[in-house]
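**Student:** Handing you this structure, nothing more for now.
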Amino acid sequence: MNLVFFNNTTLAWMTALGIAAGVALALYVAKRLGVHHMRKLAARTETRLDDIAVEALDGTRLLSIVIMGLFAGSKFLVLPPEAHLFATRVAIVTGLIQAALWGHRALRAWLTDYYQNRAGDPARATSAAAVGFIAQTVLWTVLLLMVLDNLGVNITTLVASLGIGGIAVALAVQNILGDLFASLSIVLDKPFVIGDFIIVDKYLGTVEYVGLKTTRLRSLGGEQLVFSNADLLKSRLQNMTRMNRRRAAFTVSVTYDTPTAKLRRIPAMLTEIVKAQEPVTFDRAHFSGMAASSLNFDVVYWVETADFNRYMDIQQEIYLQIIDRFAALEIEFAFPTQTLHLHDARAPAGTDGAAA
């Protein structure tokens, strides 16, 4: 027991080893009991915060527990200053990594719960994915800087160097960074979300994926359309999914030989036909003008649904009823016509040489 090894007796070494084992065992038992009791408590509550805390605590690594036990035992030994410094730095780095692992598991548990509870809300799910990615990037970046600082690296100079290098890299990859920030803008501002049907210039389709660089649409023809996020935000974009109702306007043209009495009946007839449809809000029907070969009537109404098939069914029924009513009243639809009069200059005076 009195034999000396590396400036410590055998008894001191055994004592330190016993303390290390005791501390490691105590931490392990505390972790198991803590997780067990917290899980039982979380099962009786409605909040998800305690479930996330249990998930994070359950991520405590056995290696971290062992290292902390060894560090506690090393305090009872007579060691050179360099050895004590090394043990302290190892313990601090281990603690920082373990804290980062707790944060990582907590974020992952939160994201999993968020996705499950908002499976029907693509906007919130997309936002959660972006926020989770940013949070984890910040978490591990801060961990790296703290570990380097603990190891004696001058992170002030490093951060300054990274800043200068970052400017150079940003200039080199400005297009990629533009798409990245455009992606964050899409996620936070939500001009559209996954599942929306949008029109971008002359292209249209359903949003399938919003990534860090590109957004992908599935067109009506079945092919996939890929847009750069930055270019997408610069384009004129129509989100058809967020339409509450559809405006319909059309013109009915009749011939010039239609009697005035029948012309007066047409606006009321059109109004009656449109109002008979459901769900429709009638706006107006008027004799709007006299064209070169027709008398025109304008009709405007709103279909109180965004369903395109329903909109087309209503439009179809209105057109068919107009055709039936006009046929019953013997009102003829106009189509482009032209009357040409020819004059024969050789015809005798007083005779009409025109032909129609």
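How things are named: the first chain in the structure tokens is A, the next is B, and so on; residues count from 1 in each chain; ligands count from 1 in the order shown.
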Could you give me, as a PyMOL selection string, the residues within 12 Å of range 88-97 of chain A, counting only C-alpha atoms and dropping anything in the same chain fewer than 4 positions from it?
**Tutor:** chain A and resi 59-75+81-84+101-104+139-152
**Student:** If we count only C-alpha atoms and set the cut-off at 12 Å, which residues sit around Phe308 in chain A, ignoring sequence neighbours fewer than 2 positions away in its own chain? Please answer as a VMD selection string.
**Tutor:** chain A and resid 197 240 to 241 243 to 248 303 to 306 310 to 315
**Student:** Residues within 12 Å of Arg284 in chain A, please, as a list of chain:residue names. Count only C-alpha atoms; anything in the same chain fewer than 3 positions from it doesn't count.
**Tutor:**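 So the residues in contact are A:Arg247, A:Ala248, A:Ala249, A:Phe250, A:Thr251, A:Pro267, A:Ala268, A:Met269, A:Leu270, A:Thr271, A:Glu272, A:Val274, A:Lys275, A:Thr281, A:Phe287, A:Ser288, A:Phe297, A:Asp298, A:Val299, A:Val300, A:Tyr301, A:Trp302.
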**Student:** Would you work out the distance separating CA of Arg216 in chain A from CA of Asp307 in chain A, expressed in Å to one decimal?
**Tutor:** 23.3 Å
**Student:** Which residues come within 12 Å of Glu223 in chain A, counting only C-alpha atoms, excluding same-chain residues fewer than 6 positions away, as a PyMOL selection string?
**Tutor:** chain A and resi 203-206+208+216-217
**Student:** Dump N, CA, C and O atoms for the selected residues as a tab-separated table (two decimals), in the first residue's frame?
**Tutor:**
chain	number	residue	atom	x	y	z
A	203	TYR	N	-45.23	28.80	-66.48
A	203	TYR	CA	-45.17	27.45	-65.95
A	203	TYR	C	-46.13	27.31	-64.77
A	203	TYR	O	-46.30	28.24	-63.98
A	204	LEU	N	-46.74	26.13	-64.64
A	204	LEU	CA	-47.66	25.90	-63.54
A	204	LEU	C	-47.54	24.47	-63.06
A	204	LEU	O	-47.23	23.55	-63.83
A	205	GLY	N	-47.77	24.28	-61.75
A	205	GLY	CA	-47.68	22.95	-61.18
A	205	GLY	C	-47.85	22.98	-59.67
A	205	GLY	O	-48.03	24.04	-59.06
A	206	THR	N	-47.79	21.81	-59.05
A	206	THR	CA	-47.96	21.65	-57.61
A	206	THR	C	-46.59	21.58	-56.94
A	206	THR	O	-45.72	20.83	-57.40
A	208	GLU	N	-43.76	20.39	-54.80
A	208	GLU	CA	-43.43	19.10	-54.20
A	208	GLU	C	-42.34	19.21	-53.14
A	208	GLU	O	-42.32	18.44	-52.18
A	216	ARG	N	-39.12	22.54	-56.33
A	216	ARG	CA	-39.53	21.63	-57.39
A	216	ARG	C	-41.05	21.55	-57.47
A	216	ARG	O	-41.72	21.43	-56.44
A	217	LEU	N	-41.54	21.63	-58.72
A	217	LEU	CA	-42.97	21.57	-58.98
A	217	LEU	C	-43.27	20.36	-59.86
A	217	LEU	O	-42.43	19.94	-60.67
**Student:** Quick one: everything within 12 Å of Thr47 in chain A, counting only C-alpha atoms, minus sequence neighbours fewer than 6 positions away in the same chain. Send it as a list in words.
**Tutor:**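 Contacts, with the query itself left out: Leu41, Ala53, Trp110 and Asp113 of chain A.
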**Student:** Please give the complete set of residues from range 153-346 of chain A that DSSP, run on the backbone, assigns to helix (DSSP H, G or I), formatted as a PyMOL selection string.
**Tutor:** chain A and resi 155-172+174-189+229-234+240-242+260-275+308-329
**Student:** Please provide the set of residues having any atom within 6 Å of range 179-189 of chain A, restricted to only C-alpha atoms, with same-chain residues fewer than 6 positions apart removed, written as a list in words.
**Tutor:**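 Once the adjacent positions are removed, what remains is Ser127, Leu212, Lys213, Asn229 and Ala230 of chain A.
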**Student:** Enumerate, as number ranges by chain, the complete set of residues in range 184-314 of chain A that a backbone-based DSSP assignment places in strand (DSSP E or B).
**Tutor:** A: 197-200, 203-210, 214-219, 224-228, 237-239, 246-254, 280-290, 295-303
**Student:** The selected residues should be written to file as a CSV table (one decimal), in the first residue's frame (atoms: C-alpha atoms).
**Tutor:**
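Written output follows (result_24.csv):
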chain,number,residue,atom,x,y,z
A,197,PHE,CA,-50.7,24.9,-57.0
A,198,ILE,CA,-48.8,27.9,-58.3
A,199,ILE,CA,-48.2,29.6,-61.7
A,200,VAL,CA,-44.7,31.0,-62.3
A,203,TYR,CA,-45.2,27.5,-66.0
A,204,LEU,CA,-47.7,25.9,-63.5
A,205,GLY,CA,-47.7,22.9,-61.2
A,206,THR,CA,-48.0,21.7,-57.6
A,207,VAL,CA,-45.1,22.4,-55.2
A,208,GLU,CA,-43.4,19.1,-54.2
A,209,TYR,CA,-40.3,20.2,-52.4
A,210,VAL,CA,-38.7,23.4,-51.1
A,214,THR,CA,-34.2,24.8,-55.5
A,215,THR,CA,-37.9,24.4,-55.4
A,216,ARG,CA,-39.5,21.6,-57.4
A,217,LEU,CA,-43.0,21.6,-59.0
A,218,ARG,CA,-44.9,18.7,-60.6
A,219,SER,CA,-46.5,20.1,-63.7
A,224,GLN,CA,-40.9,17.9,-62.7
A,225,LEU,CA,-40.1,21.6,-62.9
A,226,VAL,CA,-37.0,22.8,-61.0
A,227,PHE,CA,-36.6,26.5,-60.1
A,228,SER,CA,-33.8,28.3,-58.4
A,237,LEU,CA,-46.1,34.1,-58.9
A,238,GLN,CA,-49.8,33.2,-58.7
A,239,ASN,CA,-50.8,30.9,-55.8
A,246,ARG,CA,-63.3,32.7,-59.0
A,247,ARG,CA,-64.4,35.6,-61.1
A,248,ALA,CA,-66.1,34.8,-64.4
A,249,ALA,CA,-66.8,37.2,-67.2
A,250,PHE,CA,-68.0,36.5,-70.7
A,251,THR,CA,-69.6,38.3,-73.7
A,252,VAL,CA,-72.7,37.2,-75.6
A,253,SER,CA,-73.0,38.6,-79.2
A,254,VAL,CA,-76.3,38.7,-81.2
A,280,VAL,CA,-72.7,31.9,-57.5
A,281,THR,CA,-72.8,35.6,-56.7
A,282,PHE,CA,-74.2,37.6,-59.6
A,283,ASP,CA,-72.5,40.9,-60.4
A,284,ARG,CA,-74.0,42.4,-63.6
A,285,ALA,CA,-75.4,41.9,-67.1
A,286,HIS,CA,-75.5,44.8,-69.6
A,287,PHE,CA,-75.8,45.7,-73.2
A,288,SER,CA,-72.2,46.7,-73.4
A,289,GLY,CA,-71.6,47.8,-77.0
A,290,MET,CA,-72.1,47.6,-80.7
A,295,LEU,CA,-74.5,43.6,-80.5
A,296,ASN,CA,-72.6,42.6,-77.3
A,297,PHE,CA,-73.9,41.8,-73.8
A,298,ASP,CA,-71.4,41.5,-70.9
A,299,VAL,CA,-72.0,39.1,-68.0
A,300,VAL,CA,-69.9,39.1,-64.7
A,301,TYR,CA,-70.3,36.8,-61.7
A,302,TRP,CA,-68.4,35.1,-58.9
A,303,VAL,CA,-68.2,31.4,-58.3
